[in-house]
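Data block for model21.csv (CSV, C-alpha atoms):
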chain,number,residue,atom,x,y,z
Q,1,MET,CA,14.9,-11.2,9.8
Q,2,SER,CA,17.8,-12.9,8.0
Q,3,GLU,CA,17.0,-16.3,9.6
Q,4,HIS,CA,13.9,-16.5,7.4
Q,5,GLU,CA,15.9,-16.2,4.3
Q,6,HIS,CA,18.0,-19.3,5.0
Q,7,HIS,CA,16.6,-22.6,3.7
Q,8,SER,CA,17.3,-24.3,6.9
Q,9,HIS,CA,16.1,-27.8,7.8
Q,10,GLU,CA,15.9,-27.0,11.4
Q,11,PRO,CA,12.4,-27.7,12.6
Q,12,HIS,CA,12.2,-24.4,14.4
Q,13,ALA,CA,13.0,-22.3,11.3
Q,14,GLU,CA,10.6,-24.3,9.1
Q,15,HIS,CA,7.9,-23.8,11.7
Q,16,ALA,CA,8.6,-20.1,11.7
Q,17,GLN,CA,8.3,-20.0,7.9
Q,18,ARG,CA,5.0,-21.9,7.9
Q,19,THR,CA,3.3,-19.7,10.5
Q,20,LEU,CA,3.6,-16.5,8.5
Q,21,SER,CA,0.2,-15.7,7.2
Q,22,PRO,CA,-0.3,-14.5,3.6
Q,23,MET,CA,-0.8,-10.9,4.9
Q,24,GLU,CA,2.4,-11.1,6.9
Q,25,LEU,CA,4.3,-12.3,3.8
Q,26,ARG,CA,2.7,-9.5,1.7
Q,27,VAL,CA,3.7,-6.8,4.2
Q,28,ARG,CA,7.2,-8.2,4.7
Q,29,ALA,CA,7.7,-8.2,1.0
Q,30,LEU,CA,6.6,-4.6,0.6
Q,31,GLU,CA,8.8,-3.6,3.6
Q,32,THR,CA,11.8,-5.4,2.1
Q,33,LEU,CA,11.2,-3.8,-1.3
Q,34,LEU,CA,10.9,-0.3,0.0
Q,35,THR,CA,14.0,-0.8,2.1
Q,36,GLU,CA,16.0,-2.0,-0.9
Q,37,LYS,CA,14.7,0.9,-3.0
Q,38,GLY,CA,15.9,3.3,-0.3
Q,39,TYR,CA,12.5,4.7,0.7
Q,40,ILE,CA,12.3,3.5,4.3
Q,41,ASP,CA,14.5,2.8,7.2
Q,42,PRO,CA,13.1,-0.4,8.8
Q,43,ALA,CA,14.5,0.7,12.2
Q,44,ALA,CA,12.3,3.7,11.9
Q,45,LEU,CA,9.2,1.5,11.7
Q,46,ASP,CA,10.2,-0.1,15.1
Q,47,VAL,CA,10.5,3.3,16.6
Q,48,LEU,CA,7.2,4.5,15.2
Q,49,ILE,CA,5.4,1.4,16.5
Q,50,ASP,CA,7.0,1.7,19.9
Q,51,ALA,CA,6.0,5.4,20.1
Q,52,TYR,CA,2.3,4.6,19.4
Q,53,GLN,CA,2.3,1.6,21.7
Q,54,THR,CA,4.0,3.2,24.7
Q,55,LYS,CA,4.1,7.0,24.5
Q,56,ILE,CA,1.3,8.5,22.4
Q,57,GLY,CA,-2.1,7.4,23.5
Q,58,PRO,CA,-5.2,8.5,25.4
Q,59,ARG,CA,-3.3,8.9,28.7
Q,60,ASN,CA,-2.0,12.1,27.1
Q,61,GLY,CA,-5.5,13.4,26.4
Q,62,ALA,CA,-6.4,12.5,30.0
Q,63,ARG,CA,-3.7,14.8,31.3
Q,64,VAL,CA,-5.2,17.6,29.2
Q,65,VAL,CA,-8.7,17.0,30.6
Q,66,ALA,CA,-7.5,16.7,34.2
Q,67,ARG,CA,-5.6,19.9,33.9
Q,68,ALA,CA,-8.7,21.7,32.5
Q,69,TRP,CA,-10.8,20.3,35.4
Q,70,CYS,CA,-8.3,21.6,38.0
Q,71,ASP,CA,-7.2,24.9,36.4
Q,72,ALA,CA,-9.9,27.3,35.2
Q,73,GLU,CA,-7.4,29.4,33.3
Q,74,PHE,CA,-6.1,26.4,31.4
Q,75,ARG,CA,-9.7,25.4,30.7
Q,76,ARG,CA,-10.4,28.8,29.1
Q,77,TRP,CA,-7.2,28.6,27.1
Q,78,LEU,CA,-8.0,25.1,25.9
Q,79,LEU,CA,-11.5,26.1,24.7
Q,80,ALA,CA,-10.2,29.3,23.1
Q,81,ASP,CA,-7.0,27.8,21.5
Q,82,ALA,CA,-6.7,24.1,22.0
Q,83,THR,CA,-3.6,23.7,19.8
Q,84,ALA,CA,-1.6,26.1,22.0
Q,85,ALA,CA,-3.0,24.9,25.3
Q,86,ILE,CA,-2.3,21.3,24.5
Q,87,ALA,CA,1.2,22.1,23.2
Q,88,SER,CA,2.0,23.7,26.5
Q,89,LEU,CA,1.8,20.2,28.0
Q,90,GLY,CA,4.3,19.0,25.5
Q,91,LEU,CA,1.7,17.3,23.3
Q,92,THR,CA,2.2,18.4,19.7
Q,93,GLY,CA,2.5,17.2,16.2
Q,94,ARG,CA,1.2,14.5,13.9
Q,95,GLN,CA,-2.6,14.5,13.7
Q,96,GLY,CA,-2.8,17.2,16.4
Q,97,GLU,CA,-1.6,20.2,14.4
Q,98,HIS,CA,-5.0,21.9,14.5
Q,99,MET,CA,-6.9,21.1,17.6
Q,100,VAL,CA,-10.3,22.2,18.8
Q,101,ALA,CA,-11.6,21.2,22.3
Q,102,VAL,CA,-15.4,21.0,22.8
Q,103,GLU,CA,-16.8,21.1,26.3
Q,104,ASN,CA,-19.6,18.9,27.6
Q,105,THR,CA,-22.1,20.6,29.9
Q,106,PRO,CA,-25.3,19.6,31.5
Q,107,GLN,CA,-27.0,21.0,28.4
Q,108,VAL,CA,-24.7,19.8,25.6
Q,109,HIS,CA,-23.0,16.5,24.8
Q,110,ASN,CA,-20.3,16.4,22.1
Q,111,LEU,CA,-19.6,13.4,19.9
Q,112,VAL,CA,-16.7,13.2,17.4
Q,113,VAL,CA,-16.7,11.1,14.2
Q,114,CYS,CA,-15.0,11.0,10.8
Q,115,THR,CA,-17.6,9.8,8.3
Q,116,LEU,CA,-15.2,10.0,5.4
Q,117,CYS,CA,-12.2,8.1,6.7
Q,118,SER,CA,-10.6,7.8,10.2
Q,119,CYS,CA,-9.4,11.3,11.2
Q,120,TYR,CA,-8.6,11.3,14.9
Q,121,PRO,CA,-6.5,13.4,17.2
Q,122,TRP,CA,-3.4,11.1,17.4
Q,123,ALA,CA,-1.3,13.6,19.4
Q,124,VAL,CA,-3.7,13.3,22.4
Q,125,LEU,CA,-5.5,10.0,21.9
Q,126,GLY,CA,-3.0,7.9,19.9
Q,127,LEU,CA,-4.2,5.5,17.2
Q,128,PRO,CA,-8.0,5.3,16.7
Q,129,PRO,CA,-9.8,2.2,17.9
Q,130,THR,CA,-11.1,-0.1,15.2
Q,131,TRP,CA,-14.8,0.8,15.8
Q,132,TYR,CA,-14.0,4.5,15.2
Q,133,LYS,CA,-12.8,3.5,11.7
Q,134,SER,CA,-15.7,1.1,11.1
Q,135,ALA,CA,-18.7,1.5,8.8
Q,136,PRO,CA,-21.4,1.2,11.5
Q,137,TYR,CA,-20.0,4.0,13.7
Q,138,ARG,CA,-19.2,6.3,10.8
Q,139,ALA,CA,-22.6,5.7,9.2
Q,140,ARG,CA,-24.8,6.1,12.3
Q,141,ALA,CA,-23.0,8.6,14.6
Q,142,VAL,CA,-24.3,11.5,12.5
Q,143,LYS,CA,-27.8,10.3,12.0
Q,144,ASP,CA,-28.6,8.2,15.1
Q,145,PRO,CA,-26.3,9.5,17.8
Q,146,ARG,CA,-28.6,8.4,20.7
Q,147,GLY,CA,-28.7,4.9,19.3
Q,148,VAL,CA,-24.9,4.9,19.0
Q,149,LEU,CA,-24.4,6.2,22.5
Q,150,LYS,CA,-26.8,3.5,23.8
Q,151,GLU,CA,-24.6,0.9,22.3
Q,152,PHE,CA,-21.7,2.4,24.3
Q,153,GLY,CA,-23.9,2.2,27.4
Q,154,VAL,CA,-24.5,6.0,27.5
Q,155,GLU,CA,-28.0,7.3,27.9
Q,156,LEU,CA,-28.4,11.0,28.0
Q,157,PRO,CA,-31.4,12.9,29.3
Q,158,GLU,CA,-33.9,13.7,26.5
Q,159,THR,CA,-33.3,17.4,27.0
Q,160,THR,CA,-29.6,17.2,26.3
Q,161,GLN,CA,-28.6,18.7,23.0
Q,162,ILE,CA,-26.1,16.4,21.1
Q,163,ARG,CA,-23.5,18.2,19.1
Q,164,ILE,CA,-21.7,16.0,16.5
Q,165,TRP,CA,-18.4,17.0,14.9
Q,166,ASP,CA,-17.7,15.3,11.6
Q,167,SER,CA,-13.9,15.7,11.1
Q,168,THR,CA,-13.9,16.3,7.4
Q,169,ALA,CA,-10.8,18.5,7.2
Q,170,GLU,CA,-7.5,18.6,9.2
Q,171,ILE,CA,-9.1,20.0,12.4
Q,172,ARG,CA,-9.0,17.4,15.2
Q,173,TYR,CA,-11.5,17.4,18.0
Q,174,LEU,CA,-11.1,16.6,21.7
Q,175,VAL,CA,-14.1,16.3,23.9
Q,176,LEU,CA,-13.7,17.9,27.3
Q,177,PRO,CA,-16.0,15.7,29.4
Q,178,GLN,CA,-17.8,16.9,32.5
Q,179,ARG,CA,-15.9,16.4,35.7
Q,180,PRO,CA,-17.6,13.6,37.6
Q,181,ALA,CA,-19.7,14.5,40.6
Q,182,GLY,CA,-18.0,13.8,43.9
Q,183,SER,CA,-14.5,14.1,42.5
Q,184,GLU,CA,-13.7,17.4,44.4
Q,185,ASP,CA,-11.1,15.8,46.6
Q,186,LEU,CA,-9.2,14.0,43.9
Q,187,SER,CA,-5.7,15.1,42.8
Q,188,GLU,CA,-5.0,16.0,39.1
Q,189,GLN,CA,-3.4,12.5,38.6
Q,190,GLN,CA,-6.4,10.7,40.2
Q,191,LEU,CA,-8.7,12.7,38.0
Q,192,ALA,CA,-6.7,11.8,34.9
Q,193,ASN,CA,-7.2,8.1,35.8
Q,194,LEU,CA,-11.0,8.7,35.5
Q,195,VAL,CA,-10.7,10.1,32.0
Q,196,THR,CA,-11.3,7.3,29.4
Q,197,ARG,CA,-10.5,7.4,25.7
Q,198,ASP,CA,-14.2,7.1,24.9
Q,199,SER,CA,-15.1,10.0,27.1
Q,200,MET,CA,-12.7,12.2,25.0
Q,201,ILE,CA,-14.4,11.0,21.8
Q,202,GLY,CA,-17.9,11.5,23.3
Q,203,THR,CA,-18.9,7.8,23.3
Q,204,GLY,CA,-18.3,7.4,27.0
Q,205,LEU,CA,-18.4,9.3,30.3
Q,206,PRO,CA,-15.4,9.7,32.6
Q,207,GLY,CA,-15.0,7.2,35.3
Q,208,LYS,CA,-17.3,4.7,33.6
Q,209,ASP,CA,-15.0,2.4,31.6
Q,210,ALA,CA,-11.5,3.4,32.5
H,211,MET,CA,-14.1,10.3,-15.9
H,212,SER,CA,-16.2,9.1,-13.1
H,213,TYR,CA,-15.0,9.1,-9.5
H,214,HIS,CA,-16.6,7.1,-6.8
H,215,SER,CA,-15.7,7.1,-3.2
H,216,HIS,CA,-16.7,4.0,-1.2
H,217,ALA,CA,-15.8,5.7,2.0
H,218,ASP,CA,-18.5,8.4,2.3
H,219,LEU,CA,-20.6,6.5,4.9
H,220,GLY,CA,-22.3,9.2,6.9
H,221,GLY,CA,-26.0,8.5,7.3
H,222,GLN,CA,-25.9,5.3,5.3
H,223,ASP,CA,-28.0,2.3,6.5
H,224,VAL,CA,-25.3,0.2,8.1
H,225,ARG,CA,-26.8,-2.0,10.8
H,226,ASP,CA,-23.9,-4.0,12.1
H,227,ALA,CA,-23.2,-3.7,15.8
H,228,ILE,CA,-20.3,-1.4,16.8
H,229,VAL,CA,-17.6,-3.7,18.3
H,230,MET,CA,-16.1,-2.2,21.4
H,231,GLU,CA,-12.4,-2.3,22.0
H,232,PRO,CA,-10.4,-1.7,25.2
H,233,GLU,CA,-8.0,1.2,25.3
H,234,GLY,CA,-4.8,-0.8,25.1
H,235,GLU,CA,-5.9,-3.0,22.2
H,236,LEU,CA,-4.2,-1.3,19.2
H,237,PHE,CA,-3.5,-4.1,16.8
H,238,HIS,CA,-5.1,-7.4,16.0
H,239,THR,CA,-2.5,-9.1,13.8
H,240,PRO,CA,1.4,-9.0,13.8
H,241,TRP,CA,1.3,-7.2,10.4
H,242,GLU,CA,-1.0,-4.3,11.4
H,243,PRO,CA,1.6,-2.3,13.3
H,244,ARG,CA,4.1,-2.7,10.3
H,245,VAL,CA,1.5,-1.3,7.9
H,246,MET,CA,0.7,1.6,10.2
H,247,ALA,CA,4.4,2.4,10.4
H,248,LEU,CA,5.1,1.9,6.7
H,249,VAL,CA,2.3,4.4,5.8
H,250,VAL,CA,3.6,6.9,8.3
H,251,ALA,CA,7.2,6.4,7.2
H,252,MET,CA,6.3,6.9,3.6
H,253,GLY,CA,5.0,10.4,4.4
H,254,PRO,CA,8.4,12.2,4.3
H,255,THR,CA,9.4,10.5,1.0
H,256,GLY,CA,7.0,13.0,-0.7
H,257,LEU,CA,5.7,10.2,-3.0
H,258,SER,CA,2.2,11.2,-2.2
H,259,ASN,CA,0.3,13.6,0.1
H,260,ILE,CA,-2.4,12.8,2.6
H,261,ASP,CA,-5.2,13.7,0.1
H,262,MET,CA,-3.7,11.4,-2.5
H,263,ASN,CA,-3.6,8.7,0.1
H,264,ARG,CA,-7.2,9.2,1.0
H,265,ALA,CA,-8.2,9.2,-2.7
H,266,ALA,CA,-6.3,6.0,-3.2
H,267,ARG,CA,-8.1,4.4,-0.2
H,268,GLU,CA,-11.6,5.5,-0.9
H,269,THR,CA,-11.6,4.4,-4.5
H,270,LEU,CA,-10.6,0.8,-3.7
H,271,PRO,CA,-13.4,-1.2,-5.2
H,272,ASN,CA,-13.5,-3.6,-2.3
H,273,TYR,CA,-13.1,-0.9,0.4
H,274,ARG,CA,-16.1,-2.1,2.3
H,275,ASP,CA,-14.8,-5.7,2.5
H,276,LEU,CA,-11.4,-4.7,4.0
H,277,SER,CA,-10.3,-3.9,7.5
H,278,TYR,CA,-8.8,-0.4,7.9
H,279,TYR,CA,-5.2,-1.6,7.9
H,280,GLU,CA,-5.9,-3.7,4.8
H,281,ILE,CA,-7.3,-0.5,3.2
H,282,TRP,CA,-4.1,1.3,4.1
H,283,LEU,CA,-1.9,-1.5,2.7
H,284,ALA,CA,-3.9,-1.9,-0.5
H,285,ALA,CA,-3.8,1.9,-1.1
H,286,LEU,CA,-0.1,2.1,-0.5
H,287,GLU,CA,0.5,-0.7,-3.0
H,288,LYS,CA,-1.7,1.0,-5.5
H,289,LEU,CA,0.2,4.3,-5.1
H,290,LEU,CA,3.6,2.6,-5.4
H,291,LEU,CA,2.5,1.1,-8.6
H,292,GLN,CA,1.0,4.4,-9.9
H,293,LYS,CA,4.2,6.3,-9.0
H,294,GLY,CA,6.5,3.6,-10.5
H,295,VAL,CA,8.3,2.9,-7.3
H,296,LEU,CA,8.2,-0.8,-7.9
H,297,GLY,CA,9.7,-0.3,-11.4
H,298,ASP,CA,13.3,0.0,-12.5
H,299,SER,CA,13.9,3.7,-12.1
H,300,PRO,CA,11.8,5.1,-9.4
H,301,SER,CA,12.0,8.8,-8.5
H,302,PRO,CA,14.2,9.2,-5.4
H,303,PRO,CA,12.6,9.9,-2.1
H,304,LYS,CA,12.5,13.6,-1.0
H,305,GLN,CA,13.5,12.5,2.5
H,306,VAL,CA,13.9,9.2,4.3
H,307,LEU,CA,12.5,9.0,7.8
H,308,ARG,CA,15.5,7.6,9.7
H,309,ALA,CA,15.0,6.0,13.1
H,310,GLU,CA,16.7,8.8,15.0
H,311,LEU,CA,14.4,11.4,13.4
H,312,VAL,CA,11.1,9.7,14.2
H,313,ALA,CA,10.5,11.3,17.6
H,314,ALA,CA,11.1,14.8,16.2
H,315,ALA,CA,9.0,14.1,13.1
H,316,ILE,CA,6.1,13.0,15.2
H,317,SER,CA,6.2,16.0,17.5
H,318,LYS,CA,6.6,18.4,14.6
H,319,GLY,CA,3.7,17.0,12.5
H,320,SER,CA,2.9,18.9,9.4
H,321,ALA,CA,0.6,21.9,9.6
H,322,PHE,CA,-2.1,22.3,7.0
H,323,SER,CA,-2.8,26.0,7.6
H,324,ARG,CA,-1.6,28.4,5.0
H,325,THR,CA,-1.5,32.2,4.4
H,326,PRO,CA,-4.9,33.2,2.9
H,327,THR,CA,-4.8,34.6,-0.5
H,328,GLY,CA,-7.8,36.8,0.1
H,329,PRO,CA,-10.4,37.7,2.7
H,330,ALA,CA,-12.9,35.2,4.0
H,331,ARG,CA,-16.1,35.2,2.1
H,332,TYR,CA,-18.3,34.1,5.1
H,333,ALA,CA,-18.5,35.3,8.7
H,334,LEU,CA,-19.3,33.6,12.0
H,335,GLY,CA,-23.1,33.1,12.3
H,336,GLN,CA,-23.8,33.5,8.6
H,337,ARG,CA,-26.2,31.2,6.8
H,338,VAL,CA,-24.6,29.3,4.0
H,339,ARG,CA,-25.7,26.6,1.6
H,340,THR,CA,-23.4,23.7,0.6
H,341,ILE,CA,-23.0,22.9,-3.0
H,342,ALA,CA,-25.1,20.1,-4.3
H,343,VAL,CA,-22.8,18.8,-7.0
H,344,GLN,CA,-20.6,15.7,-6.6
H,345,PRO,CA,-17.3,16.5,-8.2
H,346,ALA,CA,-15.5,13.8,-10.3
H,347,HIS,CA,-12.5,13.8,-8.0
H,348,HIS,CA,-11.6,13.4,-4.3
H,349,THR,CA,-13.5,15.9,-2.1
H,350,ARG,CA,-14.2,16.3,1.6
H,351,LEU,CA,-17.9,17.4,1.6
H,352,PRO,CA,-19.8,14.4,2.6
H,353,ALA,CA,-22.8,13.4,0.5
H,354,TYR,CA,-25.2,13.8,3.4
H,355,ALA,CA,-24.2,17.5,3.8
H,356,ARG,CA,-24.6,18.5,0.1
H,357,GLY,CA,-27.2,21.1,-0.9
H,358,LYS,CA,-28.0,21.9,2.8
H,359,VAL,CA,-28.3,25.1,4.7
H,360,GLY,CA,-26.3,25.6,7.8
H,361,ILE,CA,-24.6,28.3,9.9
H,362,VAL,CA,-21.0,29.2,10.0
H,363,ASP,CA,-19.9,28.1,13.5
H,364,ARG,CA,-16.2,28.6,13.3
H,365,VAL,CA,-13.7,30.2,10.9
H,366,HIS,CA,-10.4,28.3,10.9
H,367,GLY,CA,-8.2,30.4,8.5
H,368,ALA,CA,-7.0,29.1,5.2
H,369,HIS,CA,-6.0,25.4,4.8
H,370,VAL,CA,-4.6,23.2,2.1
H,371,PHE,CA,-7.5,22.4,-0.3
H,372,PRO,CA,-7.9,18.6,-0.5
H,373,ASP,CA,-9.7,18.7,-3.9
H,374,THR,CA,-6.7,20.0,-5.7
H,375,ASN,CA,-4.0,18.5,-3.5
H,376,ALA,CA,-5.4,15.0,-4.1
H,377,GLN,CA,-5.0,15.5,-7.8
H,378,GLY,CA,-1.5,16.8,-7.7
H,379,LEU,CA,-2.8,20.3,-8.7
H,380,GLY,CA,-1.2,22.1,-5.8
H,381,GLU,CA,-2.3,23.2,-2.3
H,382,SER,CA,-4.6,26.1,-3.5
H,383,PRO,CA,-5.3,27.2,0.1
H,384,GLN,CA,-9.0,27.9,0.9
H,385,TRP,CA,-10.8,29.3,3.9
H,386,LEU,CA,-12.0,26.6,6.1
H,387,TYR,CA,-15.2,26.8,8.2
H,388,THR,CA,-17.1,24.6,10.6
H,389,VAL,CA,-20.7,24.7,9.3
H,390,ALA,CA,-23.4,23.4,11.6
H,391,PHE,CA,-26.7,21.9,10.5
H,392,ASN,CA,-29.9,21.2,12.3
H,393,GLU,CA,-30.7,17.4,12.1
H,394,GLN,CA,-34.0,18.2,10.3
H,395,GLU,CA,-32.1,19.9,7.6
H,396,LEU,CA,-30.0,16.8,7.0
H,397,TRP,CA,-32.4,14.0,7.6
H,398,GLY,CA,-35.7,15.7,6.9
H,399,GLY,CA,-38.8,13.7,7.6
H,400,GLN,CA,-36.9,10.6,8.6
H,401,GLY,CA,-37.9,12.0,12.0
H,402,LEU,CA,-35.3,10.6,14.4
H,403,ASN,CA,-35.6,13.9,16.3
H,404,GLN,CA,-32.7,13.4,18.6
H,405,ARG,CA,-32.0,17.0,19.5
H,406,SER,CA,-28.8,16.9,17.6
H,407,THR,CA,-26.8,19.4,15.6
H,408,ILE,CA,-24.2,18.1,13.1
H,409,SER,CA,-21.2,20.0,11.7
H,410,VAL,CA,-18.7,19.4,9.0
H,411,ASP,CA,-15.5,21.3,8.3
H,412,ALA,CA,-16.1,22.8,4.9
H,413,PHE,CA,-13.8,24.6,2.5
H,414,GLU,CA,-15.0,27.9,1.0
H,415,PRO,CA,-15.5,26.4,-2.5
H,416,TYR,CA,-18.1,24.0,-0.9
H,417,LEU,CA,-20.3,26.9,0.1
H,418,GLU,CA,-22.7,29.5,-1.3
H,419,PRO,CA,-24.5,32.3,0.4
H,420,ALA,CA,-28.0,31.3,1.6

Would you write the structure of this file as structure tokens?
Amino acid sequence: MSEHEHHSHEPHAEHAQRTLSPMELRVRALETLLTEKGYIDPAALDVLIDAYQTKIGPRNGARVVARAWCDAEFRRWLLADATAAIASLGLTGRQGEHMVAVENTPQVHNLVVCTLCSCYPWAVLGLPPTWYKSAPYRARAVKDPRGVLKEFGVELPETTQIRIWDSTAEIRYLVLPQRPAGSEDLSEQQLANLVTRDSMIGTGLPGKDA
Amino acid sequence: MSYHSHADLGGQDVRDAIVMEPEGELFHTPWEPRVMALVVAMGPTGLSNIDMNRAARETLPNYRDLSYYEIWLAALEKLLLQKGVLGDSPSPPKQVLRAELVAAAISKGSAFSRTPTGPARYALGQRVRTIAVQPAHHTRLPAYARGKVGIVDRVHGAHVFPDTNAQGLGESPQWLYTVAFNEQELWGGQGLNQRSTISVDAFEPYLEPA
């Protein structure tokens, strides 16, 4: 960071100065101020970013789903007490404190949204995708779920009941998708590879866009 | 004093397309991860709570013009100004999230469940009507679900009550329920008829017997 504070005439340094966007400058200024005032440890920001870029993401949720597909007892536990079942796989904490798992069946398809902000099960899915936080998804998911699903390339039979979960409190929802047909011979790890982020939100089906 | 949330989007007429995003694509500018981490790292300082943060975000007059991380940044700046952190004698942080504590803090999270102060007023399967009034403060009952009759689908125990917590009036734990509504009850004659059921997570003060 300190190189940016020098008034260097080296072309490289000047170039680096110029390429900072107004938003970058604004965020850097705030970060510097909060560091100086003793509110944050900038090294903690690096660790946080790394955690959500490399450790906490939808592959965690995929492990939960694959386990539920392979282990009937785990599936029952997940549906009865998702917080505890998910914690047994070492997945706990921030934005996953109060989990509910909802199961897709041939009769029912589940879809998760947060119409009021961006509530999302970080512990199992990581940071929410931009569309999940966007106005069109939040506005339409509750009123026109079939239209929304169609945008995601998912067309359900007319007879399928759609169950929409608006995350308006601190309960976080994980969709347990249906195990794909013809996956009987796959290992738990191979099954996990079929589980997409969107299939755990309800906007996708497993094996479709992994 | 009037209070207006610009974030209550469920059921609104927003026609923009939903923009898909691949799983690994978490950030779109170099400053977005810093904002995410700044907001998370400010949690332990105790400067504000999650409900104050949401209130600060949803009342930004230009909420609908901002990207989600722009909303987070603008709300953080607003709170810092309100709390006097940018002034000469800010109140000291309760706790600073040091780099070495990040992993433990993430896996610990912060539970929102509390010991109930009385018995639950409603039971599983009971018909309830949501209140129709829009309070003049932060609340978590979406406009589309006000004054509607639904069925108690889950009982979650007592949780921190956002309405008081956002105003700095304490946690005032309340029973939390998932209340499910038939699509006709919510959208009436608008007749999308999608075979859908929509639920919200509603705190007991949002409900009346039906």

Check: Mind listing as a PyMOL selection string which residues of chain Q are within 7 Å of chain H, counting all atoms listed in the file?
Finding: chain Q and resi 23-24+27+39-41+43-45+47-49+92-95+97+115-117+129+131+133+135-140+142-143+146+161-170+197

Notebook entry, point to check: By how many Å are atom CA of Arg179 of chain Q and atom CA of Phe152 of chain Q apart?
Noted result: 19.0 Å

Notebook entry, point to check: Counting only C-alpha atoms, what is within 10 Å of Gly57 of chain Q, bar same-chain residues fewer than 4 positions away, as a PyMOL selection string?
Noted result: (chain Q and resi 51-53+61-62+121-128+197) or (chain H and resi 233-234+236)

Notebook entry, point to check: Which residues come within 7 Å of segment 76-90 of chain Q, counting all atoms listed in the file, excluding same-chain residues fewer than 5 positions away, as JSON, numbers by chain?
Noted result: {"Q": [64, 97, 98, 99, 100, 101, 102]}

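With atom CA of Ile260 of chain H on one side and atom CA of Ala284 of chain H on the other, the separation reads 15.1 Å.
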